[in-house]
Structure formats: structure tokens, C-alpha cells
file protein39.cif (mmCIF, C-alpha atoms)
data_input
loop_
_atom_site.label_atom_id
_atom_site.label_comp_id
_atom_site.auth_asym_id
_atom_site.auth_seq_id
_atom_site.Cartn_x
_atom_site.Cartn_y
_atom_site.Cartn_z
CA ARG A 787 101.64 63.17 96.24
CA LEU A 788 98.24 61.95 97.47
CA PRO A 789 97.06 62.88 100.97
CA ALA A 790 97.10 60.15 103.59
CA ARG A 791 94.24 57.70 103.19
CA PRO A 792 91.41 58.40 105.65
CA GLY A 793 90.05 55.74 107.95
CA PRO A 794 86.76 54.04 107.02
CA ALA A 795 84.74 56.08 109.51
CA MET A 796 85.83 59.48 108.20
CA ALA A 797 82.81 61.46 107.11
CA TRP A 798 82.65 63.20 103.74
CA ARG A 799 81.16 66.20 105.46
CA GLY A 800 83.79 68.70 106.53
CA ALA A 801 86.65 66.56 105.25
CA PRO A 802 88.62 68.67 102.75
CA VAL A 803 91.35 66.01 102.58
CA VAL A 804 88.86 63.60 101.04
CA ALA A 805 87.67 66.26 98.57
CA ALA A 806 91.26 67.01 97.55
CA ARG A 807 92.02 63.33 97.16
CA ARG A 808 88.95 62.78 95.03
CA LEU A 809 89.89 65.69 92.80
CA LEU A 810 93.28 64.14 92.14
CA LEU A 811 91.67 60.81 91.32
CA LEU A 812 89.19 62.44 88.97
CA ARG A 813 92.06 63.86 86.94
CA GLY A 814 92.93 60.37 85.87
CA PRO A 815 96.39 58.98 85.16
CA ALA A 816 98.15 62.02 86.62
CA GLY A 817 96.49 61.26 89.95
CA ARG A 818 96.84 57.51 90.19
CA ARG A 819 97.29 54.35 88.16
CA GLY A 820 94.62 51.72 87.62
CA ILE A 821 90.91 52.36 87.98
CA ALA A 822 91.22 56.15 87.95
CA SER A 823 92.87 56.04 84.54
CA CYS A 824 90.49 53.52 82.97
CA ILE A 825 87.52 55.74 83.86
CA ASP A 826 89.38 59.01 83.23
CA PRO A 827 86.67 61.52 82.21
CA SER A 828 89.18 63.56 80.21
CA SER A 829 89.78 60.73 77.77
CA GLY A 830 89.08 61.79 74.19
CA LEU A 831 88.68 65.48 74.99
CA THR A 832 90.53 68.35 73.36
CA GLU A 833 93.03 70.35 75.38
CA GLU A 834 90.50 73.19 75.62
CA GLN A 835 87.82 70.84 76.91
CA LYS A 836 90.24 69.45 79.46
CA GLU A 837 90.74 73.00 80.72
CA PHE A 838 86.97 73.52 81.08
CA GLN A 839 86.82 70.23 82.91
CA LYS A 840 89.68 71.10 85.25
CA VAL A 841 88.07 74.42 86.18
CA ALA A 842 84.76 72.66 86.89
CA LEU A 843 86.43 69.88 88.92
CA ASP A 844 88.37 72.42 90.97
CA PHE A 845 85.16 74.34 91.66
CA ALA A 846 83.28 71.15 92.55
CA ALA A 847 85.97 70.02 94.99
CA LYS A 848 86.57 73.38 96.67
CA GLU A 849 83.20 75.14 96.57
CA MET A 850 80.61 72.36 96.44
CA ALA A 851 81.76 69.03 97.91
CA PRO A 852 82.60 70.43 101.38
CA HIS A 853 79.04 71.82 101.66
CA MET A 854 77.08 69.10 99.87
CA ALA A 855 75.83 67.35 103.01
CA GLU A 856 74.90 70.60 104.76
CA TRP A 857 72.94 71.90 101.77
CA ASP A 858 71.07 68.61 101.72
CA GLU A 859 70.40 68.41 105.45
CA LYS A 860 69.35 72.05 105.88
CA GLU A 861 67.72 72.35 102.45
CA ILE A 862 69.86 75.35 101.49
CA PHE A 863 69.57 76.81 97.98
CA PRO A 864 73.24 77.84 97.53
CA VAL A 865 72.69 81.06 95.60
CA GLU A 866 76.09 82.60 96.28
CA THR A 867 77.95 79.45 95.31
CA MET A 868 76.07 79.29 92.03
CA ARG A 869 76.88 82.94 91.37
CA LYS A 870 80.55 82.08 91.85
CA ALA A 871 80.06 79.34 89.26
CA ALA A 872 78.49 81.89 86.93
CA GLN A 873 81.64 83.99 87.20
CA LEU A 874 83.43 81.04 85.59
CA GLY A 875 80.92 81.05 82.73
CA PHE A 876 78.62 78.31 84.02
CA GLY A 877 75.42 80.38 84.13
CA GLY A 878 74.85 80.37 80.36
CA ILE A 879 77.21 77.71 79.06
CA TYR A 880 75.65 77.22 75.62
CA VAL A 881 74.18 80.74 75.32
CA LYS A 882 75.61 83.19 72.78
CA PRO A 883 78.39 85.48 74.07
CA ASP A 884 76.71 88.74 72.96
CA VAL A 885 74.22 88.41 75.86
CA GLY A 886 76.71 87.15 78.43
CA GLY A 887 76.84 83.46 77.57
CA SER A 888 79.93 81.30 77.15
CA GLY A 889 79.03 80.11 73.65
CA LEU A 890 80.28 76.58 74.26
CA SER A 891 79.13 73.37 72.58
CA ARG A 892 76.76 70.72 73.90
CA LEU A 893 79.71 68.40 74.46
CA ASP A 894 81.56 71.09 76.41
CA THR A 895 78.40 71.54 78.47
CA SER A 896 78.13 67.82 79.20
CA VAL A 897 81.75 67.72 80.36
CA ILE A 898 81.20 70.68 82.67
CA PHE A 899 77.98 69.36 84.24
CA GLU A 900 79.54 65.94 84.78
CA ALA A 901 82.47 67.54 86.58
CA LEU A 902 80.34 69.87 88.72
CA SER A 903 78.04 67.01 89.69
CA THR A 904 80.90 65.26 91.50
CA GLY A 905 80.72 68.10 94.03
CA CYS A 906 76.92 68.32 94.45
CA THR A 907 74.57 66.58 92.05
CA SER A 908 71.43 68.34 93.28
CA THR A 909 72.86 71.83 92.84
CA THR A 910 74.35 70.99 89.45
CA ALA A 911 71.03 69.56 88.27
CA TYR A 912 69.31 72.85 89.09
CA MET A 913 72.06 74.74 87.25
CA SER A 914 71.41 72.53 84.22
CA ILE A 915 67.72 73.48 84.26
CA HIS A 916 68.62 77.16 84.61
CA ASN A 917 70.98 76.86 81.63
CA MET A 918 68.23 75.23 79.58
CA CYS A 919 65.86 78.12 80.33
CA VAL A 920 68.42 80.76 79.35
CA TRP A 921 69.16 78.89 76.12
CA MET A 922 65.44 78.83 75.26
CA ILE A 923 65.20 82.60 75.67
CA ASP A 924 68.44 83.12 73.75
CA THR A 925 67.37 80.83 70.90
CA PHE A 926 63.67 81.61 70.51
CA GLY A 927 63.47 85.14 71.90
CA ASN A 928 63.74 88.29 69.82
CA GLU A 929 66.62 90.72 70.32
CA GLU A 930 64.77 92.78 72.89
CA GLN A 931 63.92 89.67 74.94
CA ARG A 932 67.43 88.28 74.69
CA ARG A 933 68.99 91.51 75.93
CA ARG A 934 66.35 92.01 78.62
CA PHE A 935 66.58 88.57 80.21
CA CYS A 936 69.79 86.76 79.29
CA PRO A 937 72.60 88.91 80.80
CA SER A 938 71.22 88.78 84.36
CA LEU A 939 70.48 85.06 83.98
CA CYS A 940 73.93 84.24 82.62
CA SER A 941 75.51 86.02 85.60
CA MET A 942 73.00 84.28 87.88
CA GLU A 943 72.07 87.63 89.33
CA LYS A 944 68.66 86.15 88.54
CA PHE A 945 67.61 82.50 88.38
CA ALA A 946 65.17 80.73 86.06
CA SER A 947 62.64 77.89 86.32
CA TYR A 948 61.14 75.71 83.60
CA CYS A 949 57.36 75.31 83.89
CA LEU A 950 55.87 72.49 81.81
CA THR A 951 54.54 69.75 84.12
CA GLU A 952 51.08 70.16 85.66
CA PRO A 953 49.22 68.20 88.36
CA GLY A 954 47.24 66.44 85.62
CA SER A 955 49.79 66.31 82.80
CA GLY A 956 53.25 64.86 83.32
CA SER A 957 54.37 62.51 80.58
CA ASP A 958 51.38 63.65 78.48
CA ALA A 959 52.68 67.21 78.31
CA ALA A 960 50.62 68.07 75.22
CA SER A 961 47.45 67.84 77.32
CA LEU A 962 48.42 70.71 79.63
CA LEU A 963 45.55 72.94 80.76
CA THR A 964 47.15 76.19 81.98
CA SER A 965 45.47 78.79 79.77
CA ALA A 966 46.54 82.18 78.44
CA GLN A 967 43.68 84.23 77.01
CA ARG A 968 44.72 87.03 74.66
CA LYS A 969 43.33 90.44 75.63
CA GLY A 970 44.78 93.20 73.47
CA ASP A 971 48.50 93.45 74.11
CA THR A 972 48.39 91.05 77.06
CA TYR A 973 47.64 87.45 78.01
CA VAL A 974 45.65 86.54 81.12
CA LEU A 975 47.20 83.40 82.53
CA ASN A 976 45.35 80.88 84.74
CA GLY A 977 46.33 77.43 85.94
CA SER A 978 49.16 75.75 87.84
CA LYS A 979 52.42 73.90 87.34
CA ALA A 980 53.77 71.09 89.54
CA PHE A 981 57.24 69.95 90.66
CA ILE A 982 58.94 73.17 89.55
CA SER A 983 62.64 73.26 90.43
CA GLY A 984 63.51 76.58 92.06
CA GLY A 985 59.83 77.53 92.28
CA GLY A 986 59.31 80.45 94.64
CA ASP A 987 63.02 81.22 94.98
CA THR A 988 63.73 81.97 91.32
CA ASP A 989 63.10 85.17 89.38
CA VAL A 990 62.11 84.13 85.86
CA TYR A 991 59.57 81.47 84.85
CA VAL A 992 59.50 79.99 81.33
CA VAL A 993 55.89 78.80 81.12
CA MET A 994 54.15 76.55 78.59
CA CYS A 995 50.48 77.47 78.35
CA ARG A 996 47.47 76.95 76.10
CA THR A 997 46.64 79.86 73.80
CA GLY A 998 44.75 77.78 71.24
CA GLY A 999 42.91 74.50 70.82
CA PRO A 1000 43.76 71.08 72.26
CA GLY A 1001 46.99 69.29 71.49
CA PRO A 1002 50.57 70.49 71.00
CA LYS A 1003 49.73 73.10 68.34
CA GLY A 1004 47.67 75.09 70.83
CA ILE A 1005 50.60 75.66 73.22
CA SER A 1006 52.67 78.83 73.48
CA CYS A 1007 55.60 79.89 75.65
CA LEU A 1008 55.52 82.91 77.96
CA VAL A 1009 58.21 84.34 80.22
CA LEU A 1010 56.99 85.61 83.59
CA GLU A 1011 58.90 87.50 86.24
CA LYS A 1012 58.56 87.01 89.96
CA GLY A 1013 56.33 89.67 91.44
CA THR A 1014 53.78 89.54 88.63
CA PRO A 1015 50.33 90.05 90.25
CA GLY A 1016 48.49 86.73 90.48
CA LEU A 1017 51.69 84.64 90.53
CA SER A 1018 51.98 82.55 93.70
CA PHE A 1019 53.59 79.36 94.92
CA GLY A 1020 52.63 76.21 96.78
CA LYS A 1021 54.35 74.79 99.83
CA LYS A 1022 57.96 73.70 99.60
CA GLU A 1023 57.91 69.99 98.80
CA LYS A 1024 59.70 67.47 101.03
CA LYS A 1025 61.78 65.28 98.74
CA VAL A 1026 63.91 62.14 98.95
CA GLY A 1027 66.83 63.99 97.34
CA TRP A 1028 67.52 67.17 95.39
CA ASN A 1029 67.26 69.05 98.69
CA SER A 1030 69.63 71.87 97.76
CA GLN A 1031 67.01 73.16 95.32
CA PRO A 1032 63.45 74.07 96.38
CA THR A 1033 60.51 72.49 94.57
CA ARG A 1034 57.05 74.07 94.62
CA ALA A 1035 53.86 74.34 92.63
CA VAL A 1036 53.64 77.55 90.59
CA ILE A 1037 50.13 79.01 90.50
CA PHE A 1038 48.66 81.57 88.09
CA GLU A 1039 45.49 83.44 88.97
CA ASP A 1040 44.58 86.08 86.40
CA CYS A 1041 48.26 86.87 85.78
CA VAL A 1042 48.53 89.62 83.19
CA VAL A 1043 51.54 89.02 80.95
CA PRO A 1044 52.56 91.30 78.07
CA VAL A 1045 52.44 89.77 74.60
CA GLY A 1046 56.04 91.00 74.36
CA ASN A 1047 56.96 88.24 76.84
CA ARG A 1048 55.97 85.46 74.44
CA LEU A 1049 58.84 83.46 72.97
CA GLY A 1050 58.32 82.75 69.28
CA THR A 1051 54.88 82.70 67.71
CA GLU A 1052 51.59 81.46 69.10
CA GLY A 1053 51.46 77.69 68.88
CA GLN A 1054 55.24 77.28 68.89
CA GLY A 1055 55.48 76.59 72.62
CA PHE A 1056 55.42 72.80 72.52
CA ASN A 1057 58.19 72.74 69.91
CA ILE A 1058 60.24 75.13 72.07
CA ALA A 1059 59.66 72.94 75.13
CA MET A 1060 60.73 69.77 73.36
CA LYS A 1061 63.85 71.33 71.84
CA GLY A 1062 64.78 72.54 75.30
CA LEU A 1063 64.27 69.05 76.69
CA ASN A 1064 66.57 67.44 74.12
CA GLY A 1065 69.43 69.38 75.67
CA GLY A 1066 67.97 68.96 79.15
CA ARG A 1067 68.16 65.19 78.74
CA ILE A 1068 71.85 65.39 77.89
CA ASN A 1069 72.40 67.72 80.84
CA ILE A 1070 70.66 65.53 83.40
CA ALA A 1071 72.39 62.43 82.05
CA SER A 1072 75.69 64.27 82.49
CA CYS A 1073 74.81 65.03 86.11
CA SER A 1074 74.19 61.31 86.60
CA LEU A 1075 77.64 60.56 85.16
CA GLY A 1076 79.29 62.82 87.73
CA ALA A 1077 77.47 61.17 90.62
CA ALA A 1078 78.35 57.71 89.32
CA HIS A 1079 82.00 58.62 88.80
CA ALA A 1080 82.27 59.95 92.34
CA SER A 1081 80.52 56.84 93.68
CA VAL A 1082 82.94 54.50 91.88
CA LEU A 1083 85.84 56.35 93.49
CA LEU A 1084 84.21 56.23 96.90
CA ALA A 1085 83.61 52.49 96.50
CA GLN A 1086 87.21 51.97 95.39
CA GLU A 1087 88.41 53.85 98.45
CA HIS A 1088 86.17 51.92 100.83
CA LEU A 1089 87.14 48.51 99.44
CA THR A 1090 90.80 49.42 99.92
CA VAL A 1091 90.57 50.60 103.54
CA ARG A 1092 87.80 48.39 104.95
CA LYS A 1093 88.86 45.00 106.29
CA GLN A 1094 86.70 41.95 106.92
CA PHE A 1095 87.82 38.42 107.78
CA GLY A 1096 91.34 39.71 108.25
CA GLU A 1097 91.91 41.25 104.81
CA PRO A 1098 90.80 44.27 102.76
CA LEU A 1099 87.50 43.99 100.92
CA ALA A 1100 89.49 44.80 97.78
CA ASN A 1101 90.89 41.24 97.89
CA ASN A 1102 87.41 39.77 97.45
CA GLN A 1103 87.04 38.68 93.82
CA TYR A 1104 83.25 39.09 93.81
CA LEU A 1105 83.63 42.75 94.83
CA GLN A 1106 86.44 43.22 92.30
CA PHE A 1107 84.12 42.00 89.55
CA ARG A 1108 81.28 44.27 90.69
CA LEU A 1109 83.63 47.25 90.73
CA ALA A 1110 84.81 46.36 87.23
CA GLU A 1111 81.18 46.19 86.04
CA MET A 1112 80.48 49.59 87.59
CA ALA A 1113 83.46 51.14 85.84
CA THR A 1114 82.52 49.56 82.51
CA ARG A 1115 78.94 50.78 82.72
CA LEU A 1116 80.13 54.26 83.62
CA VAL A 1117 82.41 54.50 80.59
CA ALA A 1118 79.70 53.10 78.28
CA ALA A 1119 77.18 55.64 79.58
CA ARG A 1120 79.65 58.49 79.19
CA LEU A 1121 80.37 57.55 75.58
CA MET A 1122 76.66 57.39 74.79
CA VAL A 1123 75.98 60.79 76.37
CA ARG A 1124 78.87 62.44 74.55
CA ASN A 1125 77.82 60.91 71.24
CA ALA A 1126 74.31 62.33 71.69
CA ALA A 1127 75.74 65.73 72.67
CA ARG A 1128 77.71 65.85 69.43
CA ALA A 1129 74.64 64.87 67.41
CA LEU A 1130 72.58 67.63 69.04
CA GLN A 1131 75.29 70.21 68.44
CA GLU A 1132 75.52 69.20 64.77
CA GLY A 1133 71.73 69.32 64.34
CA ARG A 1134 71.62 65.75 63.07
CA GLU A 1135 68.28 64.20 62.18
CA ASP A 1136 68.74 61.45 64.77
CA ALA A 1137 69.70 63.85 67.58
CA ALA A 1138 66.40 63.73 69.49
CA VAL A 1139 66.28 59.94 69.64
CA LEU A 1140 69.98 59.72 70.55
CA CYS A 1141 69.35 62.19 73.41
CA SER A 1142 66.50 59.95 74.59
CA MET A 1143 68.67 56.84 74.37
CA ALA A 1144 71.48 58.54 76.27
CA LYS A 1145 69.16 59.81 78.98
CA LEU A 1146 67.55 56.39 79.37
CA PHE A 1147 70.79 54.45 79.49
CA ALA A 1148 72.89 56.85 81.54
CA THR A 1149 70.33 57.59 84.25
CA ASP A 1150 69.44 53.91 84.68
CA GLU A 1151 73.04 52.72 84.68
CA CYS A 1152 74.37 55.51 86.86
CA PHE A 1153 71.69 54.96 89.47
CA ALA A 1154 72.61 51.27 89.53
CA ILE A 1155 76.30 52.22 89.92
CA CYS A 1156 75.60 54.54 92.86
CA ASN A 1157 73.31 51.99 94.48
CA GLN A 1158 75.95 49.27 94.14
CA ALA A 1159 78.55 51.62 95.64
CA LEU A 1160 76.25 52.11 98.64
CA GLN A 1161 75.91 48.32 98.97
CA MET A 1162 79.68 47.96 98.97
CA HIS A 1163 79.86 50.35 101.91
CA GLY A 1164 77.66 48.05 103.95
CA GLY A 1165 76.08 49.73 106.95
CA TYR A 1166 78.31 52.77 106.52
CA GLY A 1167 76.68 53.45 103.16
CA TYR A 1168 73.33 53.98 104.87
CA LEU A 1169 74.69 56.69 107.14
CA LYS A 1170 74.30 60.31 106.14
CA ASP A 1171 77.90 60.93 107.17
CA TYR A 1172 78.86 59.14 103.95
CA ALA A 1173 78.40 60.86 100.59
CA VAL A 1174 77.42 57.74 98.67
CA GLN A 1175 73.88 57.67 100.06
CA GLN A 1176 73.33 61.27 98.95
CA PHE A 1177 74.42 60.49 95.42
CA VAL A 1178 71.89 57.63 95.41
CA ARG A 1179 69.08 59.90 96.64
CA ASP A 1180 69.97 62.78 94.35
CA ILE A 1181 70.09 60.86 91.08
CA ARG A 1182 67.05 58.63 91.60
CA VAL A 1183 64.80 61.39 90.24
CA HIS A 1184 66.86 61.62 87.05
CA GLN A 1185 65.02 58.52 85.83
CA ILE A 1186 61.75 60.47 86.14
CA LEU A 1187 62.32 64.09 85.10
CA GLU A 1188 63.05 65.56 81.66
CA GLY A 1189 60.75 62.82 80.38
CA THR A 1190 60.45 59.55 82.30
CA ASN A 1191 62.59 56.67 81.13
CA GLU A 1192 59.41 54.92 80.04
CA VAL A 1193 58.76 57.85 77.68
CA MET A 1194 62.36 57.60 76.48
CA ARG A 1195 61.67 53.98 75.52
CA MET A 1196 58.56 55.09 73.64
CA ILE A 1197 60.55 57.67 71.67
CA VAL A 1198 63.24 55.16 70.72
CA ALA A 1199 60.71 52.47 69.77
CA ARG A 1200 58.67 54.91 67.67
CA ASN A 1201 61.81 55.92 65.80
CA LEU A 1202 62.74 52.30 65.12
CA LEU A 1203 59.28 51.35 63.88
CA GLN A 1204 58.59 54.38 61.70
CA GLY A 1205 60.06 52.86 58.57
#

call {"tool": "encode", "arguments": {"input": "protein39.cif", "output": "C-alpha cells"}}
result
Amino acid sequence: RLPARPGPAMAWRGAPVVAARRLLLLRGPAGRRGIASCIDPSSGLTEEQKEFQKVALDFAAKEMAPHMAEWDEKEIFPVETMRKAAQLGFGGIYVKPDVGGSGLSRLDTSVIFEALSTGCTSTTAYMSIHNMCVWMIDTFGNEEQRRRFCPSLCSMEKFASYCLTEPGSGSDAASLLTSAQRKGDTYVLNGSKAFISGGGDTDVYVVMCRTGGPGPKGISCLVLEKGTPGLSFGKKEKKVGWNSQPTRAVIFEDCVVPVGNRLGTEGQGFNIAMKGLNGGRINIASCSLGAAHASVLLAQEHLTVRKQFGEPLANNQYLQFRLAEMATRLVAARLMVRNAARALQEGREDAAVLCSMAKLFATDECFAICNQALQMHGGYGYLKDYAVQQFVRDIRVHQILEGTNEVMRMIVARNLLQG
């Protein structure tokens, strides 16, 4: 039985009844008929995947959603909550089990991140970046590196940051300038990285740097640990959203890094970075799906309880049609993301371009869904007491990071025009 419907002025913050109700709705047909079933995120999944999803939804509703607004307002990096998530296997979802990972597929991972994002998109997005970093070490590191770094990262005893973007190289990542000069058994690292999620608060930094000539073939990948002499951080950035994760510049001034901390061979770094980003694009698209799904449910709820001109907004055909469009776009985006996740898992030749297409489509469509949900809330949607505005703020950046959506268009177009 569903809890009693809250009044239109009930805040998301500190309202466990709303969180519990949303969890039931997210479970689809078992929770309620109609819109919840037609956008049921468990549709098409195996029984095992449905179990992963249920665990993630439970965690999102109980451990994340009640604190989402506070983490945003006070800019809290919820370390202990993420460590609880790691106890469920969410710290190294697609990392091999022999170093503490869960060994799940890319589709499993997408399902989990979508579910977690309904509770707090910003926190889940950081967790997706952390997972990407651990996977890079697990995949491209040697046995010593895997066993040195991965177990503590999978348990989230330690946290990781991905360092590619620089003040002068964003979309043009191959032009990065951070240099690593080889001196015997060490590299001396100089330069800086910009917009680094977790920067300053995390423990391990996966850094792309130039060990050779210009272009992508001169880039290598080093793993640095916090406390390395010469490693420092810029001021904490003030952001529109993503406030539950700190963002800072990461600065290297004559940082001495052992050659044993290099992933792969010299010159392999750009390839490592791009392979990481293929999965990262699926992950961030999945986070957008969770925010959009939650926003559709919030809009559905608001249209049902809010009255204007003597009747519920839900009786307005224009709003019914907009809600139907939101639901349709959500399901289309989810199918595209899951198709790309399968292609990446199978190592298909078209995987990279499908990941780009999924990231482009899902992040654009899901932002539009969340923004429309805010519009449906009217003035209430612009109040920070209502979760919908936070979903809008938190997923806007998804159209920029992991490769801007303009770059995604370039990748797709290049693929189409090659032959």
C-alpha cells in the first residue's frame, strides 16, 4: 500500500515518506499502474540484474535521497555514505573480483548508476568517475599495480580522480601540456589539470601527461598518490550543481613519480584515457537517466496533487501530452544507453561511436526532461525545497563533461563519413 500522498508544498528534504513512495514507483508495475509501469527501468533485465537494481534503488532511497539537498546546500562530500555503497559492491563495479571488484558487466553498471542517481545524481556521478579510474588501473596496470591500488579503491577506503582536462586543453585533449620528464627510475611531473572531480579530497590521481612529442602518441598515464611532494590543489570551485563533490585544479610542481606508477607503456596514455571515457560516457548517461526518471515521477506527482482553475493539473491535456513526451524520451534514451553498454561489453567495433551517440542523446534528452519537469512545477520548481531544481542543476554539466556533446557529434559524423 502506498503512503498517503503529500501536499504540494511538502519539501523533498527531510521527507522520508516521499522517498519511500518514489522507491515504490520506481519498481514499476508492482508499485502502481500506468506511467510507472510504462517507464519501468527493470523492463528487459534478467532476474539477477533486477536484484542489483533493487539493492541500488533501496540504497538511493534510504541513504542518499534524504540527504541530497543538504549535501548540495552545504557542499558535503559524503565519504561515509559512499563507503556504505562500496560495501554493496559499488566501488569497483566492473573491476575484476581478484582485487576486490564486483566483476559485473557494463549493462549491470549502467543499471546500478541509473538507480543510484535517483537518490543523488551529483554523488553518483562522482562514484562513476571513481569506478572508471579503478577500472583503468585494473585493466592497464600490471599485477603489482592492481594489487597495490585496486583493493582500497574498490572498498572506497581511498578515492580516485581522473586528470585529463587542462586550463588550455579541454575538447582538444591530445594537445595537453602537463609534462613528465624521465630521470632514471622516476618521472618529474610539471603542469596543471582543471575541473578535477574530487580534487584535493581524493587519494589517488590518474594523470595523463606528456612524456614524448606532440600529439596523442606522446602521452602517458601516471598514477599519483596524495601527499606526493609538489602535488597541490587550487581553490574549491563554486559550481551551479554537482555540489556534493569538490572540484579543484590539480597542480604539479616538480612531482617525482616512480616509473613503477606508469600504467601501460610510454605513449599509451591517450589510448588508455579514451578507452576509459567510452565507459565514462555510458556511466554519465546512466546518471542522467536516473535524474530524468525521478523528475518524471516528481512531475507526475505534482500534476496529480496541484489544482488550478478548480481541477488538478493532470486534467490538462497539454500537460498530459508533455508528460507523455517526457516518458517516451526517457525510455528511448534508456534503450540507447543499454544498447551501447552491451556493445562496449562485447568489444564490438562500433562500441565507441555507440557510446558517443548514447551520451549525446541521453544527456540532451534527460536534461530537457528534468527542465520540463521543473516547468510543470511552476514557481514551486524554482524553490530549493523541491528536488526537481537540483536534478536540473546536477545534470546540466553532463552535456559538457566526458567529452562535450559537440565532440560527440564530431565522433558520430566522422564514423559515418569514413567510408

call {"tool": "closest_residue", "arguments": {"input": "protein39.cif", "among": "A:Gly984, A:Gly905, A:Gly1027, A:Gly1055", "to": "Ala946 in chain A", "atoms": "all atoms listed in the file"}}
result
A:Gly984

call {"tool": "residues_around", "arguments": {"input": "protein39.cif", "residues": "Val865 in chain A", "least_positions_apart": "2", "cutoff": "10 Å", "atoms": "all atoms listed in the file", "output": "VMD selection string"}}
result
chain A and resid 862 to 863 867 to 871 909 942 to 945 987 to 988 1030 to 1031

call {"tool": "resolve_selection", "arguments": {"input": "protein39.cif", "expression": "the PyMOL selection byres ((chain A and resi 831) around 12)", "output": "compact mmCIF listing (two decimals) with C-alpha atoms, in the frame of the given file"}}
result
# COMPACT_ATOMS: atom_id res chain seq x y z
CA ASP A 826 89.38 59.01 83.23
CA PRO A 827 86.67 61.52 82.21
CA SER A 828 89.18 63.56 80.21
CA SER A 829 89.78 60.73 77.77
CA GLY A 830 89.08 61.79 74.19
CA THR A 832 90.53 68.35 73.36
CA GLU A 833 93.03 70.35 75.38
CA GLU A 834 90.50 73.19 75.62
CA GLN A 835 87.82 70.84 76.91
CA LYS A 836 90.24 69.45 79.46
CA GLU A 837 90.74 73.00 80.72
CA PHE A 838 86.97 73.52 81.08
CA GLN A 839 86.82 70.23 82.91
CA LYS A 840 89.68 71.10 85.25
CA LEU A 893 79.71 68.40 74.46
CA ASP A 894 81.56 71.09 76.41
CA SER A 896 78.13 67.82 79.20
CA VAL A 897 81.75 67.72 80.36
CA ILE A 898 81.20 70.68 82.67
CA LEU A 1121 80.37 57.55 75.58
CA ARG A 1124 78.87 62.44 74.55

call {"tool": "closest_residue", "arguments": {"input": "protein39.cif", "among": "A:Lys979, A:Gly1001, A:Leu1049, A:Tyr1172", "to": "Leu1017 in chain A", "atoms": "all atoms listed in the file"}}
result
A:Lys979

call {"tool": "atom_distance", "arguments": {"input": "protein39.cif", "atom1": "CA of Asn1069 in chain A", "atom2": "CA of Pro1032 in chain A"}}
result
19.0 Å

call {"tool": "resolve_selection", "arguments": {"input": "protein39.cif", "expression": "the PyMOL selection byres ((chain A and resi 850-857) around 6)", "output": "list in words"}}
result
Arg799, Gly800, Ala846, Ala847, Glu849, Asp858, Glu859, Lys860, Glu861, Ile862, Gly905, Cys906 and Ser1030 of chain A

call {"tool": "write_last_selection", "arguments": {"input": "protein39.cif", "atoms": "C-alpha atoms", "output": "PDB file, in the frame of the given file"}}
result
ATOM      1  CA  ARG A 799      81.160  66.200 105.460  1.00  0.00           C
ATOM      2  CA  GLY A 800      83.790  68.700 106.530  1.00  0.00           C
ATOM      3  CA  ALA A 846      83.280  71.150  92.550  1.00  0.00           C
ATOM      4  CA  ALA A 847      85.970  70.020  94.990  1.00  0.00           C
ATOM      5  CA  GLU A 849      83.200  75.140  96.570  1.00  0.00           C
ATOM      6  CA  ASP A 858      71.070  68.610 101.720  1.00  0.00           C
ATOM      7  CA  GLU A 859      70.400  68.410 105.450  1.00  0.00           C
ATOM      8  CA  LYS A 860      69.350  72.050 105.880  1.00  0.00           C
ATOM      9  CA  GLU A 861      67.720  72.350 102.450  1.00  0.00           C
ATOM     10  CA  ILE A 862      69.860  75.350 101.490  1.00  0.00           C
ATOM     11  CA  GLY A 905      80.720  68.100  94.030  1.00  0.00           C
ATOM     12  CA  CYS A 906      76.920  68.320  94.450  1.00  0.00           C
ATOM     13  CA  SER A1030      69.630  71.870  97.760  1.00  0.00           C
TER      14      SER A1030
END

call {"tool": "residues_near_point", "arguments": {"input": "protein39.cif", "point": "(71.4, 88.8, 84.4)", "cutoff": "12 Å", "atoms": "all atoms listed in the file", "output": "PyMOL selection string"}}
result
chain A and resi 869+872-873+877-878+885-887+916+920+932-946+989-990

call {"tool": "atom_distance", "arguments": {"input": "protein39.cif", "atom1": "CA of Glu1192 in chain A", "atom2": "CA of Leu963 in chain A"}}
result
22.7 Å

call {"tool": "resolve_selection", "arguments": {"input": "protein39.cif", "expression": "the PyMOL selection byres ((chain A and resi 1080-1083) around 9)", "output": "PyMOL selection string"}}
result
chain A and resi 808+811-812+821-822+903-905+1075-1079+1084-1088+1109+1112-1113+1116+1155-1160+1173-1174+1177-1178

call {"tool": "closest_residue", "arguments": {"input": "protein39.cif", "among": "A:Thr972, A:Ser823, A:Gln967, A:Thr895", "to": "Ile1068 in chain A", "atoms": "all atoms listed in the file"}}
result
A:Thr895

call {"tool": "atom_distance", "arguments": {"input": "protein39.cif", "atom1": "CA of Ala1127 in chain A", "atom2": "CA of Phe899 in chain A"}}
result
12.3 Å
